[in-house]
Every structure is written in structure tokens, then in C-alpha cells.
Amino acid sequence: MTAGDHAGPPPGDDPEARTGAAADTPRAGSPAGRVVFVGAGPGAADLITLRGARVLGEADVVVWPRSLVPPEVMEHARADAEVLTSDDHTLEDVIQLFARAKREGLTVCRLQSGDPAIYATLHEQINACRRMDLAYEIVPGVGSLSAMAAALGQELTVPEVAQSLILTRRAVRVPMPDNEQLQELAGHGTTMALYLSVRRPRELVADLLAGGYAPETPVAIGYRVSWPDEVLLRCRLDELAATLKEHKITTQALIVLGPGLAAGEEERRSHVYRPNYGHRYRRLGSPKRYKGAGAPPEGA
Ligand SMILES: C[S@@+](CC[C@H](N)C(=O)[O-])C[C@H]1O[C@@H](n2cnc3c(N)ncnc32)[C@H](O)[C@@H]1O
């Protein structure tokens with residue numbers, strides 16, 4: 001097994017095994033078979049990572065979630081790769097494919113939209129690999145939230161306004177844990193990103209208002225961010241339901257809200273680049289004493 005592979009029980013304390021730092025290229029037809037969960041990014045074919053594209057280009061089999069990963073991304077795949085579309089298959093079908101990969105020594109590239117760590121059904125797929133003692137590896141991806149912030153041209157953490165991010169969803173068909181009810185999370189008033197939550201917008205807005213966001217809280221809606229038909233909208237929280245309705249957005253959209261979204265014009269700055277904020281790379285009073293050793297300061 002190479003660094004970055006995982007099989008059987010969760011990896012121990014070997015830091016390389018946990019981070020996948022060395023991440024060898026999966027070997028097509030390796031005797032044991034393996035699954036590589038690859039973050040495909042938000043949609044644009046050039047927002048997959050170099051590592052992800054390399055894995056996709058070498059895999060024997062690709063599992064492709066068509067609704068969230070456009071065909072352009074599949075152009076990185078081998079022309080003769082076997083393709084299983086995940087949107088019209090069950091988890092059981094995918095697990096059967098994993099079992100075949102183990103038997104036949106195949107490398108499976110399991111594409112996940114955005115980053116595989118966020119709402120990606122990764123947990124159950126990893127458990128299936130562990131149960132069958134099949135090696136797996138995870139390649140991170142550009143999440144839709146990062147793509148949305150870039151499209152908005154904004155930072156999500158704004159000094160003195162919003163220093164915490166809440167990534168969540170509203171319970172519709174899938175329940176939320178008791179301690180993660182939207183109204184309570186809204187009480188923090190910071191930047192919130194809502195995934196998978198555009199289906200019942202009036203109820204969504206009611207929860208957010210009841211939790212404490214003001215009606216005029218700035219909101220951004222991103223539909224298929226980075227796709228050719230991307231739609232990016234801004235409105236107030238009390239206009240959210242009408243805006244979604246007007247633009248007929250019922251799926252594949254991310255909602256981001258919070259006072260930080262309005263802070264674009266105001267003069268705010270982080271501490272780290274202030275003249276009076278010294279650290280080991282820029283010692284106060286002696287700018288020439290730059291040592292160049294060790295890690296850069298946090299927040300740089
Ligand atoms: C199953 S979750 C996958 C999230 C993904 N793992 C990520 O890191 O972005 C699907 C939801 O993510 C959001 N999403 C994913 N890709 C998106 C995109 N390109 N534009 C807007 N929202 C997106 C939407 O809220 C969508 O309903």
C-alpha cells in the first residue's frame with residue numbers, strides 16, 4: 001500500500017497516511033484494486049486539481065455524478081474507461097462495483113462534486129471500502145463555497161464582521177440532528193452557507209428570520225457556479241424566496257448570507273499586515289531581520 005492509501009481500519013498516527021501527502025498515482029490494474037474519491041470541483045473542467053485530473057485520466061472505471069459534474073470534466077478521463085453514472089444508481093450498485101474492482105484489481109475514480117468532504121455520501125462509501133478491505137484514497141477538490149466566493153469577488157471572513165462560517169442545510173426530506181436546528185445556528189448571525197436548501201424558500205427564510213438574521217441581511221444565490229449557465233444573484237433576506245421563484249431556481253444552488261457580504265466597500269483590514277503587528281517574518285522595528293525559516297504566519 002502506498003502513502004495516502006487507506007484500507008481496513010481507519011489509518012493510525014502516520015501523518016503521511018492521513019494526509020495522503022505522497023499520493024502516488026493509482027496503478028491501473030494493480031493486483032489489489034483501489035478506489036480514489038476525487039473532488040471534481042464545482043463544475044468548470046479547469047477547477048479540478050492537477051492530482052484529481054491525473055487520477056481521473058488513469059482510472060479503469062469512473063463513477064460520474066452527472067447532475068453535479070458536467071461532461072467537460074469527464075474529458076480528463078481515459079477514452080476507454082468504463083463509466084458508471086451515479087445519479088441513476090444506488091449506493092448498493094456502487095458498492096458492487098467497488099467489490100468487482102477489488103476482485104479484478106481495477107482502479108475506480110469515484111468523482112464527487114466540489115470537495116468530497118462536504119455532503120458527498122463519502123462516509124458510507126469509505127465504510128464499504130473498509131468492510132471489504134479495499135484500499136482507498138481521497139483527493140480534495142474546490143468546493144462550491146470557494147467557487148461562489150470567487151465568483152462574488154469577496155472574502156467570506158471579514159475582519160471584525162464575520163470570523164466564523166456556518167456550512168449547513170435545511171431539513172426537508174433528510175432530518176437534521178437535534179442540536180443543529182437552523183434557527184439556533186442562525187442566532188450566531190455570522191456568514192452562513194446553505195447547501196441543498198432551495199426547495200422550500202419561504203420556510204427557509206422564516207427559520208432564518210426567527211433565528212435572528214435581520215430582514216435586510218445581504219444574501220447571495222449561486223446557481224451552478226462556474227458552469228456555462230451560472231447564475232449569480234444578490235438580494236436581501238426578505239427578498240430571497242421571491243428572487244428564487246423569479247429565476248426558477250429549485251436545485252443546484254448555494255445560498256450564502258450574512259453581514260459580511262455587505263462589507264465589500266468598508267475599510268476593514270486584518271491584523272497580520274499591519275505595520276504594528278510583528279511576527280517572526282517581520283519583526284517590529286527591524287524589517288531587515290527576515291529569517292525565512294519555519295512556517296508563515298497564520299492568516300497571511
Ligand atoms: C450533494 S451537495 C455536494 C457539495 C459539494 N461536495 C461541494 O463541496 O460543494 C450538492 C449541493 O452543493 C451545492 N453545489 C454544488 N455544486 C454547486 C455549484 N457549482 N454551484 C452552486 N451550488 C453548488 C448545492 O447546494 C447543491 O445542492
# chains A, B, ... in the order shown; residues from 1 in each chain; ligands from 1
>>> residues_around(residues="segment 158-175 of chain A", least_positions_apart="6", cutoff="12 Å", atoms="only C-alpha atoms", output="ChimeraX atom specification")
/A:117-119,143-146,181-208,253-272,299
>>> select_by_dssp(residues="segment 110-260 of chain A", states="helix (DSSP H, G or I)", output="number ranges by chain")
A: 122-131, 144-152, 178-180, 182-186, 201-211, 237-246, 259-260
>>> write_last_selection(atoms="N, CA and C atoms", output="compact mmCIF listing (two decimals), in the first residue's frame")
# COMPACT_ATOMS: atom_id res chain seq x y z
N LEU A 122 -19.74 10.35 1.32
CA LEU A 122 -18.41 9.73 1.39
C LEU A 122 -18.32 8.71 2.52
N HIS A 123 -18.92 9.07 3.65
CA HIS A 123 -18.81 8.26 4.86
C HIS A 123 -19.20 6.80 4.59
N GLU A 124 -20.37 6.62 3.96
CA GLU A 124 -20.84 5.24 3.75
C GLU A 124 -20.01 4.50 2.70
N GLN A 125 -19.48 5.26 1.74
CA GLN A 125 -18.64 4.60 0.72
C GLN A 125 -17.29 4.18 1.31
N ILE A 126 -16.75 5.02 2.17
CA ILE A 126 -15.49 4.68 2.85
C ILE A 126 -15.70 3.44 3.72
N ASN A 127 -16.83 3.43 4.44
CA ASN A 127 -17.10 2.28 5.30
C ASN A 127 -17.20 1.00 4.48
N ALA A 128 -17.80 1.10 3.29
CA ALA A 128 -17.89 -0.08 2.43
C ALA A 128 -16.49 -0.55 2.04
N CYS A 129 -15.61 0.39 1.71
CA CYS A 129 -14.22 0.01 1.36
C CYS A 129 -13.55 -0.66 2.54
N ARG A 130 -13.76 -0.09 3.72
CA ARG A 130 -13.11 -0.68 4.91
C ARG A 130 -13.61 -2.09 5.16
N ARG A 131 -14.94 -2.26 5.01
CA ARG A 131 -15.51 -3.59 5.27
C ARG A 131 -14.92 -4.64 4.34
N SER A 144 -17.94 24.12 -3.73
CA SER A 144 -18.79 25.14 -4.36
C SER A 144 -18.76 26.45 -3.58
N LEU A 145 -18.52 26.37 -2.27
CA LEU A 145 -18.48 27.61 -1.48
C LEU A 145 -17.28 28.47 -1.88
N SER A 146 -16.13 27.83 -2.07
CA SER A 146 -14.94 28.58 -2.52
C SER A 146 -15.20 29.18 -3.90
N ALA A 147 -15.82 28.39 -4.78
CA ALA A 147 -16.09 28.89 -6.13
C ALA A 147 -17.07 30.06 -6.08
N MET A 148 -18.02 29.97 -5.17
CA MET A 148 -19.02 31.04 -5.06
C MET A 148 -18.36 32.33 -4.55
N ALA A 149 -17.51 32.21 -3.54
CA ALA A 149 -16.82 33.41 -3.02
C ALA A 149 -16.00 34.05 -4.13
N ALA A 150 -15.34 33.22 -4.93
CA ALA A 150 -14.53 33.76 -6.03
C ALA A 150 -15.43 34.47 -7.04
N ALA A 151 -16.56 33.85 -7.35
CA ALA A 151 -17.48 34.47 -8.33
C ALA A 151 -18.02 35.79 -7.79
N LEU A 152 -18.24 35.85 -6.49
CA LEU A 152 -18.74 37.08 -5.88
C LEU A 152 -17.64 38.13 -5.77
N ASP A 178 -30.68 17.05 16.35
CA ASP A 178 -31.41 17.97 17.22
C ASP A 178 -30.64 19.24 17.56
N ASN A 179 -29.34 19.10 17.74
CA ASN A 179 -28.54 20.26 18.17
C ASN A 179 -28.07 21.11 16.99
N GLU A 180 -28.61 20.87 15.79
CA GLU A 180 -28.20 21.65 14.62
C GLU A 180 -29.41 22.25 13.91
N LEU A 182 -31.75 24.91 12.33
CA LEU A 182 -31.37 26.11 11.59
C LEU A 182 -31.59 27.40 12.37
N GLN A 183 -32.71 27.46 13.08
CA GLN A 183 -32.99 28.69 13.84
C GLN A 183 -31.89 28.97 14.86
N GLU A 184 -31.42 27.90 15.49
CA GLU A 184 -30.37 28.10 16.51
C GLU A 184 -29.06 28.52 15.86
N LEU A 185 -28.73 27.88 14.74
CA LEU A 185 -27.49 28.25 14.04
C LEU A 185 -27.58 29.70 13.56
N ALA A 186 -28.77 30.11 13.13
CA ALA A 186 -28.95 31.48 12.64
C ALA A 186 -28.68 32.50 13.73
N PRO A 201 -38.26 27.78 -0.09
CA PRO A 201 -37.59 29.03 0.29
C PRO A 201 -38.33 29.85 1.33
N ARG A 202 -39.69 29.81 1.31
CA ARG A 202 -40.40 30.64 2.30
C ARG A 202 -40.16 30.12 3.72
N GLU A 203 -40.16 28.78 3.85
CA GLU A 203 -39.89 28.20 5.17
C GLU A 203 -38.44 28.45 5.59
N LEU A 204 -37.56 28.41 4.61
CA LEU A 204 -36.15 28.68 4.88
C LEU A 204 -35.98 30.10 5.44
N VAL A 205 -36.59 31.06 4.76
CA VAL A 205 -36.48 32.46 5.19
C VAL A 205 -37.09 32.62 6.58
N ALA A 206 -38.24 31.99 6.81
CA ALA A 206 -38.89 32.11 8.11
C ALA A 206 -37.96 31.61 9.22
N ASP A 207 -37.30 30.50 8.99
CA ASP A 207 -36.36 29.97 10.00
C ASP A 207 -35.21 30.94 10.25
N LEU A 208 -34.67 31.49 9.16
CA LEU A 208 -33.51 32.37 9.30
C LEU A 208 -33.88 33.66 10.04
N LEU A 209 -35.07 34.19 9.73
CA LEU A 209 -35.53 35.41 10.42
C LEU A 209 -35.82 35.10 11.89
N ALA A 210 -36.48 33.98 12.12
CA ALA A 210 -36.81 33.62 13.52
C ALA A 210 -35.55 33.42 14.33
N GLY A 211 -34.48 32.98 13.67
CA GLY A 211 -33.21 32.75 14.38
C GLY A 211 -32.49 34.05 14.70
N LEU A 237 -32.45 39.28 2.61
CA LEU A 237 -33.02 38.02 3.09
C LEU A 237 -34.54 37.98 2.85
N ASP A 238 -35.22 39.12 3.08
CA ASP A 238 -36.67 39.09 2.91
C ASP A 238 -37.10 39.07 1.44
N GLU A 239 -36.13 39.12 0.54
CA GLU A 239 -36.44 39.01 -0.90
C GLU A 239 -36.03 37.64 -1.46
N LEU A 240 -35.47 36.79 -0.60
CA LEU A 240 -34.86 35.54 -1.09
C LEU A 240 -35.86 34.64 -1.80
N ALA A 241 -37.02 34.40 -1.17
CA ALA A 241 -37.99 33.46 -1.76
C ALA A 241 -38.46 33.98 -3.12
N ALA A 242 -38.75 35.28 -3.19
CA ALA A 242 -39.25 35.84 -4.46
C ALA A 242 -38.15 35.80 -5.52
N THR A 243 -36.91 36.01 -5.11
CA THR A 243 -35.81 36.01 -6.09
C THR A 243 -35.61 34.60 -6.66
N LEU A 244 -35.67 33.59 -5.78
CA LEU A 244 -35.51 32.21 -6.27
C LEU A 244 -36.65 31.86 -7.23
N LYS A 245 -37.85 32.30 -6.86
CA LYS A 245 -39.02 32.00 -7.69
C LYS A 245 -38.89 32.69 -9.05
N GLU A 246 -38.54 33.96 -9.01
CA GLU A 246 -38.44 34.72 -10.26
C GLU A 246 -37.45 34.08 -11.23
N PRO A 259 -23.90 39.47 7.33
CA PRO A 259 -23.47 40.86 7.20
C PRO A 259 -22.13 40.99 6.49
N GLY A 260 -21.31 39.96 6.53
CA GLY A 260 -20.00 40.01 5.87
C GLY A 260 -20.12 40.26 4.37
>>> closest_residue(among="A:Glu155, A:Glu137, A:Asp115, A:Asp46", to="ligand 1", atoms="only C-alpha atoms and all ligand atoms")
A:Asp115
>>> select_by_dssp(residues="segment 182-239 of chain A", states="strand (DSSP E or B)", output="list in words")
Thr191, Met192, Ala193, Leu194, Tyr195, Pro218, Val219, Ala220, Ile221, Gly222, Tyr223, Val231, Leu232, Leu233, Arg234, Cys235 and Arg236 of chain A
>>> write_last_selection(atoms="C-alpha atoms", output="mmCIF file, in the first residue's frame")
data_model
loop_
_atom_site.group_PDB
_atom_site.id
_atom_site.type_symbol
_atom_site.label_atom_id
_atom_site.label_comp_id
_atom_site.auth_asym_id
_atom_site.auth_seq_id
_atom_site.Cartn_x
_atom_site.Cartn_y
_atom_site.Cartn_z
ATOM 1 C CA THR A 191 -21.752 34.126 7.408
ATOM 2 C CA MET A 192 -23.825 31.058 6.617
ATOM 3 C CA ALA A 193 -23.693 28.830 3.537
ATOM 4 C CA LEU A 194 -26.779 26.753 2.869
ATOM 5 C CA TYR A 195 -26.381 23.689 0.684
ATOM 6 C CA PRO A 218 -27.446 40.523 2.383
ATOM 7 C CA VAL A 219 -27.851 37.207 0.547
ATOM 8 C CA ALA A 220 -26.086 35.749 -2.485
ATOM 9 C CA ILE A 221 -27.513 32.909 -4.552
ATOM 10 C CA GLY A 222 -25.233 30.881 -6.787
ATOM 11 C CA TYR A 223 -26.788 28.506 -9.305
ATOM 12 C CA VAL A 231 -26.450 32.440 -12.314
ATOM 13 C CA LEU A 232 -25.259 34.710 -9.524
ATOM 14 C CA LEU A 233 -27.821 36.865 -7.717
ATOM 15 C CA ARG A 234 -27.820 39.189 -4.740
ATOM 16 C CA CYS A 235 -30.808 40.263 -2.683
ATOM 17 C CA ARG A 236 -31.954 40.910 0.897
#
>>> atom_distance(atom1="atom 6 (N, counted along the ligand's line) of ligand 1", atom2="atom CA of Ala101 of chain A")
23.8 Å
>>> closest_residue(among="A:Ala135, A:Leu156, A:Val142, A:Leu84", to="ligand 1", atoms="only C-alpha atoms and all ligand atoms")
A:Val142
>>> residues_around(residues="Leu68 of chain A", least_positions_apart="4", cutoff="12 Å", atoms="only C-alpha atoms", output="MDAnalysis selection string")
chainID A and resid 39:44 64 72:74 85:87 111:115 120 143:144 196 223:227 251:253
>>> write_last_selection(atoms="C-alpha atoms", output="PDB file, in the first residue's frame")
ATOM      1  CA  GLY A  39     -13.184  16.125  -5.696  1.00  0.00           C
ATOM      2  CA  ALA A  40     -14.234  17.201  -9.194  1.00  0.00           C
ATOM      3  CA  GLY A  41     -14.621  20.854  -8.228  1.00  0.00           C
ATOM      4  CA  PRO A  42     -17.735  22.996  -8.720  1.00  0.00           C
ATOM      5  CA  GLY A  43     -18.161  22.302 -12.425  1.00  0.00           C
ATOM      6  CA  ALA A  44     -15.627  24.101 -14.625  1.00  0.00           C
ATOM      7  CA  TRP A  64     -19.778  10.003 -12.552  1.00  0.00           C
ATOM      8  CA  GLU A  72     -16.445  18.671 -19.716  1.00  0.00           C
ATOM      9  CA  VAL A  73     -14.826  17.297 -16.550  1.00  0.00           C
ATOM     10  CA  MET A  74     -15.106  13.773 -17.984  1.00  0.00           C
ATOM     11  CA  THR A  85     -23.378   7.171 -13.750  1.00  0.00           C
ATOM     12  CA  SER A  86     -24.181   7.527 -10.074  1.00  0.00           C
ATOM     13  CA  ASP A  87     -27.368   9.591 -10.330  1.00  0.00           C
ATOM     14  CA  LEU A 111     -15.926  11.582  -8.729  1.00  0.00           C
ATOM     15  CA  GLN A 112     -17.632  13.772  -6.143  1.00  0.00           C
ATOM     16  CA  SER A 113     -18.805  17.282  -6.890  1.00  0.00           C
ATOM     17  CA  GLY A 114     -16.892  20.075  -5.190  1.00  0.00           C
ATOM     18  CA  ASP A 115     -14.933  18.709  -2.255  1.00  0.00           C
ATOM     19  CA  ALA A 120     -20.773  13.785  -0.581  1.00  0.00           C
ATOM     20  CA  GLY A 143     -15.813  23.237  -3.020  1.00  0.00           C
ATOM     21  CA  SER A 144     -18.794  25.140  -4.364  1.00  0.00           C
ATOM     22  CA  LEU A 196     -29.258  21.614  -0.701  1.00  0.00           C
ATOM     23  CA  TYR A 223     -26.788  28.506  -9.305  1.00  0.00           C
ATOM     24  CA  ARG A 224     -24.320  26.130 -10.983  1.00  0.00           C
ATOM     25  CA  VAL A 225     -21.386  28.334 -10.074  1.00  0.00           C
ATOM     26  CA  SER A 226     -18.570  28.014 -12.654  1.00  0.00           C
ATOM     27  CA  TRP A 227     -20.829  26.186 -15.164  1.00  0.00           C
ATOM     28  CA  THR A 251     -31.896  22.916  -7.319  1.00  0.00           C
ATOM     29  CA  GLN A 252     -28.080  23.004  -7.675  1.00  0.00           C
ATOM     30  CA  ALA A 253     -27.758  26.301  -5.879  1.00  0.00           C
TER      31      ALA A 253
END
>>> decode(residues="segment 24-79 of chain A", atoms="C-alpha atoms", output="PDB file, in the first residue's frame")
ATOM      1  CA  ASP A  24       1.156   8.006  -5.647  1.00  0.00           C
ATOM      2  CA  THR A  25      -0.683   7.768  -8.919  1.00  0.00           C
ATOM      3  CA  PRO A  26      -3.171   4.896  -8.701  1.00  0.00           C
ATOM      4  CA  ARG A  27      -1.862   1.980 -10.677  1.00  0.00           C
ATOM      5  CA  ALA A  28      -4.260   0.746 -13.339  1.00  0.00           C
ATOM      6  CA  GLY A  29      -4.761  -2.965 -12.893  1.00  0.00           C
ATOM      7  CA  SER A  30      -2.908  -3.039  -9.560  1.00  0.00           C
ATOM      8  CA  PRO A  31      -3.402  -6.508  -8.089  1.00  0.00           C
ATOM      9  CA  ALA A  32      -5.465  -5.340  -5.139  1.00  0.00           C
ATOM     10  CA  GLY A  33      -7.693  -2.732  -6.787  1.00  0.00           C
ATOM     11  CA  ARG A  34      -8.468   0.596  -5.182  1.00  0.00           C
ATOM     12  CA  VAL A  35     -10.961   3.448  -5.061  1.00  0.00           C
ATOM     13  CA  VAL A  36      -9.917   7.074  -5.318  1.00  0.00           C
ATOM     14  CA  PHE A  37     -12.567   9.595  -4.247  1.00  0.00           C
ATOM     15  CA  VAL A  38     -11.796  12.658  -6.316  1.00  0.00           C
ATOM     16  CA  GLY A  39     -13.184  16.125  -5.696  1.00  0.00           C
ATOM     17  CA  ALA A  40     -14.234  17.201  -9.194  1.00  0.00           C
ATOM     18  CA  GLY A  41     -14.621  20.854  -8.228  1.00  0.00           C
ATOM     19  CA  PRO A  42     -17.735  22.996  -8.720  1.00  0.00           C
ATOM     20  CA  GLY A  43     -18.161  22.302 -12.425  1.00  0.00           C
ATOM     21  CA  ALA A  44     -15.627  24.101 -14.625  1.00  0.00           C
ATOM     22  CA  ALA A  45     -13.282  21.485 -16.066  1.00  0.00           C
ATOM     23  CA  ASP A  46     -10.218  23.511 -15.097  1.00  0.00           C
ATOM     24  CA  LEU A  47     -11.253  23.716 -11.441  1.00  0.00           C
ATOM     25  CA  ILE A  48     -10.421  20.076 -10.772  1.00  0.00           C
ATOM     26  CA  THR A  49      -6.988  19.777  -9.128  1.00  0.00           C
ATOM     27  CA  LEU A  50      -3.951  18.547 -11.046  1.00  0.00           C
ATOM     28  CA  ARG A  51      -3.935  15.455  -8.854  1.00  0.00           C
ATOM     29  CA  GLY A  52      -7.629  14.842  -9.433  1.00  0.00           C
ATOM     30  CA  ALA A  53      -7.252  15.164 -13.216  1.00  0.00           C
ATOM     31  CA  ARG A  54      -4.302  12.775 -13.155  1.00  0.00           C
ATOM     32  CA  VAL A  55      -6.224  10.164 -11.206  1.00  0.00           C
ATOM     33  CA  LEU A  56      -9.274  10.581 -13.461  1.00  0.00           C
ATOM     34  CA  GLY A  57      -7.045  10.205 -16.520  1.00  0.00           C
ATOM     35  CA  GLU A  58      -5.619   6.927 -15.309  1.00  0.00           C
ATOM     36  CA  ALA A  59      -8.628   5.161 -13.769  1.00  0.00           C
ATOM     37  CA  ASP A  60     -10.057   1.952 -15.248  1.00  0.00           C
ATOM     38  CA  VAL A  61     -13.565   2.826 -14.052  1.00  0.00           C
ATOM     39  CA  VAL A  62     -15.140   6.223 -13.340  1.00  0.00           C
ATOM     40  CA  VAL A  63     -18.241   6.816 -11.219  1.00  0.00           C
ATOM     41  CA  TRP A  64     -19.778  10.003 -12.552  1.00  0.00           C
ATOM     42  CA  PRO A  65     -22.457  12.067 -10.728  1.00  0.00           C
ATOM     43  CA  ARG A  66     -23.857  13.667 -13.889  1.00  0.00           C
ATOM     44  CA  SER A  67     -26.168  16.179 -12.233  1.00  0.00           C
ATOM     45  CA  LEU A  68     -23.343  17.981 -10.430  1.00  0.00           C
ATOM     46  CA  VAL A  69     -20.291  17.213 -12.570  1.00  0.00           C
ATOM     47  CA  PRO A  70     -20.625  18.365 -16.201  1.00  0.00           C
ATOM     48  CA  PRO A  71     -19.394  16.300 -19.185  1.00  0.00           C
ATOM     49  CA  GLU A  72     -16.445  18.671 -19.716  1.00  0.00           C
ATOM     50  CA  VAL A  73     -14.826  17.297 -16.550  1.00  0.00           C
ATOM     51  CA  MET A  74     -15.106  13.773 -17.984  1.00  0.00           C
ATOM     52  CA  GLU A  75     -12.823  14.853 -20.814  1.00  0.00           C
ATOM     53  CA  HIS A  76      -9.972  14.237 -18.363  1.00  0.00           C
ATOM     54  CA  ALA A  77     -10.969  10.531 -18.271  1.00  0.00           C
ATOM     55  CA  ARG A  78      -9.359   7.780 -20.332  1.00  0.00           C
ATOM     56  CA  ALA A  79     -11.256   7.239 -23.602  1.00  0.00           C
TER      57      ALA A  79
END
